[in-house]
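Structure data (compact mmCIF, C-alpha atoms and all ligand atoms) from target32.txt:
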```txt
# COMPACT_ATOMS: atom_id res chain seq x y z
CA MET A 70 -120.04 -91.64 20.48
CA ALA A 71 -120.98 -95.26 19.83
CA THR A 72 -118.18 -97.73 20.40
CA ALA A 73 -117.66 -100.63 18.04
CA PRO A 74 -118.88 -104.03 19.36
CA TYR A 75 -115.50 -105.47 18.42
CA ARG A 76 -111.97 -104.49 19.36
CA GLU A 77 -110.27 -102.22 16.89
CA THR A 78 -106.54 -102.09 16.22
CA LEU A 79 -104.48 -98.94 16.42
CA PRO A 80 -105.11 -96.61 13.49
CA ALA A 81 -103.43 -97.90 10.34
CA SER A 82 -101.61 -94.57 10.00
CA TRP A 83 -99.66 -95.38 13.19
CA PHE A 84 -97.84 -98.04 11.18
CA CYS A 85 -96.58 -95.78 8.39
CA ASP A 86 -96.97 -92.07 9.13
CA PRO A 87 -93.55 -90.38 9.64
CA GLU A 88 -94.99 -87.80 12.06
CA HIS A 89 -96.48 -90.49 14.24
CA TYR A 90 -93.29 -92.51 14.01
CA ARG A 91 -91.35 -89.58 15.50
CA ARG A 92 -93.83 -89.41 18.37
CA GLU A 93 -93.33 -93.10 19.14
CA VAL A 94 -89.55 -92.83 18.98
CA GLN A 95 -89.70 -90.05 21.55
CA ALA A 96 -92.39 -91.57 23.76
CA ILE A 97 -91.11 -95.14 23.71
CA TRP A 98 -87.66 -95.67 22.24
CA GLN A 99 -86.08 -92.64 23.85
CA ARG A 100 -87.69 -93.33 27.23
CA ASP A 101 -87.38 -97.07 27.68
CA TRP A 102 -84.51 -99.49 28.21
CA ILE A 103 -82.93 -100.62 24.96
CA CYS A 104 -80.66 -103.64 24.71
CA VAL A 105 -77.38 -102.76 23.00
CA GLY A 106 -75.53 -106.06 23.28
CA ARG A 107 -73.62 -108.32 25.63
CA ALA A 108 -70.81 -107.33 27.98
CA GLU A 109 -68.40 -109.45 25.92
CA ASP A 110 -69.06 -107.22 22.91
CA TRP A 111 -66.65 -104.76 24.59
CA PRO A 112 -63.77 -107.10 25.47
CA GLN A 113 -61.12 -104.43 26.15
CA SER A 114 -60.95 -100.98 27.60
CA GLY A 115 -61.47 -98.39 24.86
CA ASP A 116 -63.63 -100.68 22.71
CA PHE A 117 -66.69 -98.81 21.51
CA GLN A 118 -69.91 -99.38 19.61
CA ARG A 119 -72.04 -96.63 18.14
CA LEU A 120 -75.77 -97.00 17.72
CA ARG A 121 -78.69 -94.89 16.64
CA ILE A 122 -82.02 -94.75 18.37
CA GLY A 123 -84.21 -92.55 16.21
CA ASP A 124 -82.15 -89.45 15.43
CA GLN A 125 -79.95 -89.86 18.51
CA GLN A 126 -76.45 -91.33 18.30
CA ILE A 127 -75.08 -93.11 21.33
CA VAL A 128 -71.63 -94.50 22.02
CA VAL A 129 -71.07 -97.33 24.48
CA THR A 130 -67.50 -97.93 25.60
CA ARG A 131 -65.52 -99.70 28.30
CA ALA A 132 -63.32 -97.59 30.57
CA GLU A 133 -59.96 -98.59 32.08
CA ASP A 134 -61.59 -99.76 35.31
CA GLY A 135 -63.73 -102.20 33.32
CA ALA A 136 -66.99 -100.27 33.70
CA LEU A 137 -69.18 -99.68 30.67
CA HIS A 138 -70.29 -96.13 29.91
CA ALA A 139 -72.74 -94.68 27.43
CA TRP A 140 -72.88 -91.10 26.21
CA HIS A 141 -74.27 -89.14 23.31
CA ASN A 142 -71.96 -88.97 20.32
CA THR A 143 -71.76 -85.20 20.56
CA CYS A 144 -68.90 -82.95 21.62
CA ARG A 145 -69.63 -80.40 24.34
CA HIS A 146 -67.71 -77.69 22.47
CA ARG A 147 -69.80 -76.96 19.39
CA GLY A 148 -71.58 -80.23 18.93
CA SER A 149 -69.49 -82.20 16.44
CA VAL A 150 -69.85 -85.97 16.45
CA LEU A 151 -66.98 -87.71 18.20
CA CYS A 152 -67.12 -91.20 16.74
CA GLU A 153 -67.33 -91.60 13.01
CA SER A 154 -67.50 -95.38 12.81
CA ASP A 155 -69.90 -97.96 14.17
CA SER A 156 -67.30 -99.76 16.24
CA GLY A 157 -63.61 -99.64 17.06
CA ARG A 158 -61.23 -98.74 19.87
CA PHE A 159 -60.34 -95.37 21.35
CA GLU A 160 -56.55 -95.06 21.45
CA GLN A 161 -54.83 -94.44 24.76
CA GLY A 162 -58.10 -94.36 26.63
CA ARG A 163 -59.01 -90.95 25.22
CA VAL A 164 -61.88 -89.71 23.10
CA VAL A 165 -60.63 -86.88 20.90
CA CYS A 166 -63.09 -84.73 18.99
CA PRO A 167 -62.17 -84.73 15.28
CA TYR A 168 -62.98 -80.99 15.01
CA HIS A 169 -60.93 -78.98 17.57
CA ALA A 170 -59.55 -81.88 19.58
CA TRP A 171 -61.37 -81.46 22.86
CA THR A 172 -60.33 -84.59 24.71
CA TYR A 173 -62.46 -86.71 27.02
CA ALA A 174 -61.91 -89.71 29.28
CA LEU A 175 -63.75 -92.91 28.32
CA SER A 176 -66.10 -92.28 31.22
CA GLY A 177 -66.97 -88.91 29.68
CA GLU A 178 -65.05 -86.28 31.71
CA LEU A 179 -63.57 -83.44 29.69
CA LEU A 180 -59.79 -83.58 30.17
CA ARG A 181 -58.47 -80.97 27.77
CA ALA A 182 -59.76 -78.10 25.66
CA PRO A 183 -56.72 -77.05 23.59
CA ARG A 184 -55.83 -73.35 23.68
CA SER A 185 -58.50 -72.49 26.19
CA THR A 186 -57.24 -69.88 28.67
CA GLN A 187 -58.49 -68.47 31.93
CA ARG A 188 -60.17 -65.69 29.99
CA ASP A 189 -62.56 -68.26 28.48
CA GLY A 190 -63.94 -68.97 31.94
CA LEU A 191 -64.22 -72.65 31.10
CA ARG A 192 -64.23 -75.18 33.94
CA LEU A 193 -63.51 -78.61 32.47
CA GLU A 194 -65.61 -80.37 35.08
CA ASP A 195 -68.70 -78.55 33.84
CA PHE A 196 -68.48 -80.11 30.38
CA PRO A 197 -68.54 -83.89 30.57
CA LEU A 198 -70.08 -85.75 27.67
CA TYR A 199 -73.86 -86.09 27.80
CA ARG A 200 -74.20 -89.28 29.80
CA VAL A 201 -76.76 -91.94 29.01
CA ALA A 202 -78.09 -94.33 31.67
CA LEU A 203 -76.68 -97.83 31.32
CA ALA A 204 -77.59 -101.02 33.16
CA SER A 205 -76.72 -104.70 32.86
CA TRP A 206 -78.80 -107.79 33.35
CA ARG A 207 -76.81 -111.00 33.55
CA GLY A 208 -74.51 -110.09 30.65
CA PHE A 209 -77.04 -108.13 28.57
CA VAL A 210 -76.37 -104.39 28.36
CA PHE A 211 -79.13 -101.79 28.15
CA VAL A 212 -79.24 -98.02 27.77
CA ASN A 213 -81.99 -95.51 28.44
CA LEU A 214 -81.92 -92.16 26.65
CA ALA A 215 -84.17 -90.34 29.10
CA GLU A 216 -82.19 -87.70 30.98
CA ALA A 217 -83.76 -89.05 34.17
CA PRO A 218 -85.29 -92.44 33.30
CA ALA A 219 -88.87 -92.59 34.58
CA ILE A 220 -88.87 -96.38 34.30
CA SER A 221 -86.45 -98.07 36.66
CA PHE A 222 -84.42 -100.91 35.23
CA GLU A 223 -85.86 -103.21 37.89
CA ALA A 224 -89.42 -102.31 36.91
CA PHE A 225 -88.53 -102.93 33.28
CA LEU A 226 -87.33 -106.47 34.07
CA ALA A 227 -89.99 -107.23 36.66
CA GLY A 228 -91.95 -110.41 36.13
CA GLU A 229 -89.88 -111.46 33.13
CA ALA A 230 -86.27 -111.92 34.30
CA ASP A 231 -87.24 -114.55 36.88
CA ARG A 232 -88.43 -116.95 34.23
CA VAL A 233 -84.85 -117.70 33.25
CA ALA A 234 -83.36 -117.57 36.74
CA ALA A 235 -82.05 -121.13 36.32
CA TRP A 236 -80.20 -120.44 33.07
CA PRO A 237 -76.53 -119.40 33.34
CA LEU A 238 -77.02 -116.28 31.22
CA GLU A 239 -73.71 -114.71 32.36
CA ASP A 240 -71.83 -117.65 30.83
CA LEU A 241 -73.45 -117.53 27.41
CA ARG A 242 -71.35 -116.90 24.34
CA ARG A 243 -72.69 -116.00 20.94
CA VAL A 244 -72.19 -118.55 18.18
CA HIS A 245 -74.21 -116.91 15.43
CA ARG A 246 -75.81 -113.59 14.52
CA ALA A 247 -78.33 -112.92 11.75
CA ARG A 248 -79.14 -109.27 11.15
CA GLN A 249 -81.67 -108.08 8.63
CA ARG A 250 -83.78 -105.09 7.69
CA LEU A 251 -87.48 -105.77 7.58
CA ALA A 252 -89.71 -103.58 5.46
CA CYS A 253 -92.20 -103.06 8.27
CA ASN A 254 -92.99 -100.83 11.20
CA TRP A 255 -91.47 -102.05 14.49
CA LYS A 256 -94.94 -102.67 15.97
CA ILE A 257 -95.85 -105.01 13.13
CA PHE A 258 -92.98 -107.25 14.22
CA TRP A 259 -94.07 -107.24 17.87
CA GLU A 260 -97.70 -107.85 17.03
CA ASN A 261 -96.77 -110.86 14.95
CA TYR A 262 -94.68 -112.16 17.85
CA LEU A 263 -97.57 -111.67 20.26
CA GLU A 264 -100.08 -113.92 18.52
CA CYS A 265 -100.11 -117.42 17.13
CA TYR A 266 -103.24 -116.97 15.07
CA HIS A 267 -100.89 -116.99 12.09
CA CYS A 268 -98.98 -120.08 13.22
CA PRO A 269 -100.97 -122.87 11.53
CA GLY A 270 -100.76 -121.13 8.17
CA VAL A 271 -97.33 -119.52 8.37
CA HIS A 272 -95.28 -122.02 10.42
CA PRO A 273 -96.09 -125.62 9.37
CA GLU A 274 -92.95 -127.03 11.05
CA LEU A 275 -93.35 -125.02 14.22
CA VAL A 276 -96.89 -126.22 14.87
CA ARG A 277 -95.65 -129.78 14.55
CA LEU A 278 -93.07 -129.11 17.25
CA VAL A 279 -95.34 -127.02 19.52
CA PRO A 280 -98.77 -128.65 19.27
CA VAL A 281 -100.74 -125.96 21.12
CA TYR A 282 -99.75 -123.46 18.42
CA ARG A 283 -102.06 -125.36 16.08
CA THR A 284 -104.98 -123.85 17.98
CA GLY A 285 -103.81 -120.31 17.28
CA PHE A 286 -103.24 -119.79 21.02
CA MET A 287 -99.86 -119.79 22.72
CA GLU A 288 -100.85 -121.42 26.01
CA TYR A 289 -103.01 -124.43 26.82
CA ALA A 290 -105.07 -122.43 29.32
CA ASP A 291 -105.81 -119.70 26.75
CA ALA A 292 -106.88 -122.36 24.26
CA GLY A 293 -109.19 -123.93 26.87
CA LEU A 294 -107.26 -127.20 26.60
CA GLN A 295 -105.85 -129.56 29.20
CA GLU A 296 -102.13 -130.20 29.23
CA ASP A 297 -100.92 -133.78 28.99
CA PRO A 298 -101.16 -134.87 32.67
CA ALA A 299 -98.10 -137.07 32.21
CA ARG A 300 -96.05 -134.02 31.11
CA PRO A 301 -97.43 -130.96 32.90
CA GLY A 302 -96.16 -127.70 31.44
CA ALA A 303 -94.61 -129.40 28.42
CA MET A 304 -94.89 -127.27 25.29
CA LEU A 305 -93.03 -129.46 22.82
CA ARG A 306 -94.39 -132.63 21.26
CA PRO A 307 -93.53 -135.89 23.07
CA GLY A 308 -89.90 -136.80 22.53
CA ALA A 309 -88.79 -133.28 21.58
CA VAL A 310 -86.51 -131.35 23.95
CA THR A 311 -85.58 -128.18 22.06
CA TRP A 312 -86.31 -126.04 19.03
CA SER A 313 -84.43 -127.97 16.36
CA THR A 314 -85.35 -129.62 13.10
CA ASP A 315 -85.92 -133.02 14.72
CA GLY A 316 -86.68 -131.71 18.22
CA GLY A 317 -83.52 -133.31 19.63
CA THR A 318 -80.06 -132.10 20.58
CA GLU A 319 -76.64 -133.65 20.97
CA LEU A 320 -75.36 -130.77 23.05
CA PRO A 321 -75.16 -131.05 26.82
CA TRP A 322 -78.04 -129.40 28.67
CA PHE A 323 -77.50 -126.34 30.82
CA ALA A 324 -76.68 -127.45 34.34
CA GLY A 325 -79.09 -126.39 37.04
CA LEU A 326 -82.34 -126.35 35.10
CA GLY A 327 -85.29 -127.57 37.13
CA THR A 328 -87.56 -130.33 35.87
CA ALA A 329 -90.24 -127.81 34.92
CA ASP A 330 -87.76 -125.66 32.95
CA ALA A 331 -86.52 -128.69 31.03
CA GLU A 332 -89.97 -130.19 30.54
CA ARG A 333 -91.40 -126.94 29.17
CA GLY A 334 -88.79 -127.03 26.39
CA MET A 335 -89.03 -123.30 25.65
CA THR A 336 -89.08 -120.34 28.01
CA PHE A 337 -89.75 -116.83 26.77
CA VAL A 338 -88.67 -113.53 28.31
CA THR A 339 -90.43 -110.63 26.62
CA LEU A 340 -88.99 -107.15 27.07
CA PRO A 341 -90.74 -104.75 24.72
CA PRO A 342 -89.90 -102.62 22.90
CA THR A 343 -86.35 -103.86 22.59
CA MET A 344 -86.04 -107.66 22.69
CA PHE A 345 -87.24 -111.09 23.56
CA LEU A 346 -85.25 -114.10 24.65
CA VAL A 347 -86.02 -117.78 24.23
CA ALA A 348 -84.25 -120.28 26.47
CA HIS A 349 -84.04 -123.97 25.65
CA VAL A 350 -82.23 -126.81 27.39
CA ASP A 351 -79.18 -126.46 25.14
CA TYR A 352 -79.15 -122.92 23.73
CA VAL A 353 -80.57 -119.45 24.12
CA ARG A 354 -81.70 -117.12 21.38
CA THR A 355 -82.40 -113.40 21.52
CA VAL A 356 -84.23 -111.26 19.03
CA ARG A 357 -83.56 -107.53 19.17
CA VAL A 358 -85.74 -104.99 17.44
CA LEU A 359 -84.68 -101.48 16.42
CA PRO A 360 -86.77 -99.07 14.38
CA LEU A 361 -84.91 -97.52 11.46
CA GLY A 362 -87.85 -95.60 10.04
CA PRO A 363 -91.66 -95.67 9.96
CA GLU A 364 -91.60 -98.68 7.67
CA GLU A 365 -88.19 -100.16 8.35
CA THR A 366 -87.00 -102.23 11.30
CA GLU A 367 -83.67 -103.84 12.06
CA LEU A 368 -83.85 -107.34 13.46
CA THR A 369 -80.84 -108.90 15.17
CA VAL A 370 -81.13 -112.57 16.05
CA ASP A 371 -78.35 -114.05 18.20
CA TRP A 372 -77.79 -117.66 19.20
CA TYR A 373 -75.86 -118.44 22.38
CA VAL A 374 -74.48 -121.55 24.04
CA HIS A 375 -72.67 -122.02 27.34
CA ARG A 376 -69.05 -120.95 26.95
CA ASP A 377 -67.92 -124.45 28.00
CA VAL A 378 -69.75 -125.86 25.00
CA LEU A 379 -67.93 -123.71 22.41
CA ASP A 380 -65.43 -126.50 21.74
CA HIS A 381 -67.91 -129.35 22.05
CA PRO A 382 -67.66 -131.76 19.09
CA ALA A 383 -71.46 -131.85 18.73
CA LEU A 384 -71.73 -128.07 18.30
CA ASN A 385 -72.90 -127.54 14.74
CA VAL A 386 -73.98 -123.94 14.25
CA GLU A 387 -75.90 -124.65 11.10
CA GLN A 388 -77.94 -127.31 12.85
CA LEU A 389 -78.37 -125.18 15.94
CA THR A 390 -79.75 -122.24 14.01
CA ALA A 391 -81.69 -123.92 11.18
CA PHE A 392 -85.05 -124.34 12.86
CA ALA A 393 -85.42 -120.89 14.40
CA SER A 394 -83.96 -119.26 11.28
CA GLN A 395 -86.78 -120.80 9.30
CA VAL A 396 -89.36 -119.53 11.80
CA VAL A 397 -87.82 -116.04 11.73
CA SER A 398 -87.87 -115.94 7.94
CA GLU A 399 -91.51 -117.03 7.88
CA ASP A 400 -92.36 -114.31 10.38
CA ALA A 401 -90.33 -111.74 8.44
CA ARG A 402 -92.29 -112.49 5.31
CA ALA A 403 -95.61 -112.25 7.17
CA CYS A 404 -94.58 -108.89 8.67
CA GLU A 405 -93.62 -107.47 5.30
CA LEU A 406 -96.88 -108.66 3.74
CA ASN A 407 -98.77 -107.00 6.57
CA GLN A 408 -96.90 -103.74 6.12
CA SER A 409 -97.30 -103.59 2.38
CA GLY A 410 -101.09 -103.77 2.62
CA ILE A 411 -101.56 -101.36 5.48
CA ARG A 412 -101.20 -98.20 3.38
CA CYS A 413 -104.52 -98.85 1.62
CA GLY A 414 -106.43 -95.57 1.67
CA ARG A 415 -109.63 -97.36 2.72
CA HIS A 416 -108.03 -99.27 5.61
CA ARG A 417 -108.22 -96.98 8.63
CA GLY A 418 -107.66 -99.81 11.08
CA GLY A 419 -108.33 -103.49 11.67
CA VAL A 420 -110.00 -105.84 14.13
CA LEU A 421 -108.56 -107.93 16.96
CA LEU A 422 -110.00 -111.30 17.96
CA GLU A 423 -109.82 -113.00 21.34
CA VAL A 424 -106.97 -115.10 20.00
CA GLU A 425 -105.07 -111.80 19.67
CA ASP A 426 -105.40 -110.72 23.30
CA TYR A 427 -101.68 -110.06 23.71
CA VAL A 428 -101.69 -107.86 20.62
CA PHE A 429 -104.53 -105.89 22.17
CA ASP A 430 -102.54 -105.48 25.40
CA PHE A 431 -99.50 -104.36 23.42
CA GLU A 432 -101.51 -101.80 21.49
CA GLN A 433 -102.96 -100.48 24.75
CA TRP A 434 -99.43 -100.13 26.08
CA VAL A 435 -98.31 -98.26 22.95
CA ARG A 436 -101.36 -96.03 23.12
CA GLY A 437 -100.74 -95.28 26.79
CA ARG A 438 -97.16 -94.34 26.09
CA VAL A 439 -97.91 -92.15 23.11
CA GLU A 440 -100.94 -90.42 24.59
CA HIS A 441 -100.06 -90.18 28.26
CA GLY A 442 -96.42 -91.13 28.57
CA GLY A 443 -97.52 -93.98 30.92
CA ARG A 444 -95.88 -97.35 31.37
S1 LIG A 501 -66.74 -79.39 18.25
FE1 LIG A 501 -65.53 -80.82 19.33
S2 LIG A 501 -63.74 -79.77 19.74
FE2 LIG A 501 -64.91 -78.34 18.66
FE FE A 502 -94.65 -116.44 13.92
```

Output the structure of this file as structure tokens.
Amino acid sequence: MATAPYRETLPASWFCDPEHYRREVQAIWQRDWICVGRAEDWPQSGDFQRLRIGDQQIVVTRAEDGALHAWHNTCRHRGSVLCESDSGRFEQGRVVCPYHAWTYALSGELLRAPRSTQRDGLRLEDFPLYRVALASWRGFVFVNLAEAPAISFEAFLAGEADRVAAWPLEDLRRVHRARQRLACNWKIFWENYLECYHCPGVHPELVRLVPVYRTGFMEYADAGLQEDPARPGAMLRPGAVTWSTDGGTELPWFAGLGTADAERGMTFVTLPPTMFLVAHVDYVRTVRVLPLGPEETELTVDWYVHRDVLDHPALNVEQLTAFASQVVSEDARACELNQSGIRCGRHRGGVLLEVEDYVFDFEQWVRGRVEHGGR
């Protein structure tokens, strides 16, 4: 079979077909580490959050000893859901099934099965809730739905977490959240994130702040350009220090950043499929992705500052969020345009240019997962 002289994208059907979507949910979303929030989202014991990953419902809660636990929202008796709301607090540290009142500890052990007798042969210890693997990275909480996760949490973070070693991620506190539903497949969002070919046309302000983006590439080396020798590693235009409307900030900078971290002006941590993080000298932003359907994706954008800055007189949330909000809304529009054209009966797939190398890598990763279950 002749191969095309150019690089082809994934088949267009992979971006809208419900059958294929189910395969990806199983091969990727129910096998990989998924960010579910920050430790401070569960301030007290008994606090819970429910989330859906594909057709699976998970509950994350904090037990009396302070540890976070995740389990499937399904009773071990006859399978009723346990939690009927998206968030709340379990009273008296107990999870009581709304159907026949089987009662569990927050950590998942079955404590009571009303009216069961010896004749039932039931040993409570054999019926804990279906546990879900949970891990934390510097305040961010992740779950993995695989019964025995094939991808270790360390391998998942490898090569990315170190980029923000100097940032005090544990001490961040959220100052703003923007959540929206995008009418696009989850991969469309990632592919848009992974190239800057669209930047000159879609993000006029951003390319003024980050000059290399004008080339369509994201790094000077990829664009075949020399960095400014007076400011090696600097990504922002001279005089700019952060992603803001004028490139400046009146907030104090994070203590402990090295010269290179500060000079760069923007540091990305990319953890597909679930999130990416952007660290600046004064704030950190995360973008979480969650598929809701073949052509629908939930986007959660959170802005964080150091907890000591929460009362700072210069903290103006509107100012802090304006620039990136604009970029996100430009990207959201591009993603939805992309999705709405991809159903064309004649369009079986597209083409990837050199400037879209990272999209190609991402598609190879998706393909590997779907076809071979590989990393
Ligand atoms: S299904 Fe939960 S107690 Fe019966
Ligand atoms: Fe963009």

Could you give me, as a PyMOL selection string, the residues within 12 Å of range 194-198 of chain A, counting all atoms listed in the file and dropping anything in the same chain fewer than 5 positions from it?
-> chain A and resi 127-128+138-151+164-166+171-182

Residue nearest ligand LIG 501 (chain A) among A:Arg119, A:Arg412, A:His169, A:Arg436 (counting all atoms listed in the file) =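 Nearest to ligand LIG 501 (chain A): A:His169.
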
Atomic separation - CA of Val350 in chain A relative to CA of Gly325 in chain A, Å |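 According to the coordinates, CA of Gly325 in chain A and CA of Val350 in chain A are separated by 10.2 Å.
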
Using all atoms of range 98-103 of chain A that appear in the file, construct an axis-aligned enclosing box with 4 Å of padding on every side and provide its centre coordinates and edge lengths in Å, rounded to one decimal, as AutoDock Vina command-line options.
```
--center_x -85.3 --center_y -96.6 --center_z 25.2 --size_x 12.8 --size_y 16.0 --size_z 14.0
```

Contacts of chain A with ligand FE 502 (chain A) up to 9 Å, shortest pair per row, all atoms listed in the file, as a tab-separated table:
```
residue	atom	partner	partner_atom	distance
A:Asn261	CA	A:FE502	FE	6.1
A:Tyr262	CA	A:FE502	FE	5.8
A:Leu263	CA	A:FE502	FE	8.5
A:Glu264	CA	A:FE502	FE	7.5
A:Cys265	CA	A:FE502	FE	6.4
A:Tyr266	CA	A:FE502	FE	8.7
A:His267	CA	A:FE502	FE	6.5
A:Cys268	CA	A:FE502	FE	5.7
A:Val271	CA	A:FE502	FE	6.9
A:His272	CA	A:FE502	FE	6.6
A:Leu275	CA	A:FE502	FE	8.7
A:Val396	CA	A:FE502	FE	6.5
A:Val397	CA	A:FE502	FE	7.2
A:Glu399	CA	A:FE502	FE	6.8
A:Asp400	CA	A:FE502	FE	4.7
A:Ala401	CA	A:FE502	FE	8.4
A:Ala403	CA	A:FE502	FE	8.0
```

Two-atom distance - CA of Glu153 in chain A, CA of Trp102 in chain A (Å) |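 Straight-line distance from CA of Glu153 in chain A to CA of Trp102 in chain A works out to 24.3 Å.
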
Show which residues sit within 6 Å of Thr78 in chain A, as a PyMOL selection string. Count only C-alpha atoms, and ignore same-chain residues fewer than 3 positions away.
-> chain A and resi 418-420

Kindly indicate which residue among A:Ala303, A:Leu379, A:Ala393, A:Ala108 lies nearest to Leu320 in chain A, using all atoms listed in the file for the distances.
->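 Using all atoms listed in the file, the shortest distance to Leu320 in chain A belongs to A:Leu379.
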
Pick from A:Pro301, A:Gly316, A:Pro342, A:Gly442, whichever lies nearest to Thr366 in chain A using only C-alpha atoms | A:Pro342

Excluding Ala292 in chain A and its own-chain neighbours fewer than 3 positions away, which residues fall within 10 Å of it when counting all atoms listed in the file? Please give them as a compact mmCIF listing (two decimals) with C-alpha atoms, in the coordinates of the input.
```txt
# COMPACT_ATOMS: atom_id res chain seq x y z
CA VAL A 281 -100.74 -125.96 21.12
CA TYR A 282 -99.75 -123.46 18.42
CA ARG A 283 -102.06 -125.36 16.08
CA THR A 284 -104.98 -123.85 17.98
CA GLY A 285 -103.81 -120.31 17.28
CA PHE A 286 -103.24 -119.79 21.02
CA MET A 287 -99.86 -119.79 22.72
CA GLU A 288 -100.85 -121.42 26.01
CA TYR A 289 -103.01 -124.43 26.82
CA GLN A 295 -105.85 -129.56 29.20
CA VAL A 424 -106.97 -115.10 20.00
```

Contacts of range 73-174 of chain A with range 344-349 of chain A up to 10 Å, shortest pair per row, all atoms listed in the file, as a tab-separated table:
```
residue	atom	partner	partner_atom	distance
A:Trp102	CA	A:Met344	CA	10.0
A:Ile103	CA	A:Met344	CA	8.0
A:Cys104	CA	A:Met344	CA	7.0
A:Val105	CA	A:Met344	CA	10.0
```

Please write as a PyMOL selection string the list of polymer residues whose atoms come within 8 Å of (-95.0, -104.5, 5.8), counting all atoms listed in the file and keeping to the coordinates of the file.
-> chain A and resi 251-254+257+364+403-411

In Å to one decimal, how far is CA of Val210 in chain A from CA of Ser313 in chain A?
->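 Going from CA of Ser313 in chain A over to CA of Val210 in chain A covers 27.7 Å.
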
Could you give me, as number ranges by chain, the residues within 12 Å of range 93-98 of chain A, counting all atoms listed in the file and dropping anything in the same chain fewer than 4 positions from it?
-> A: 83-89, 102-104, 121-125, 212-215, 218-220, 254-256, 341-343, 358-363, 434-444
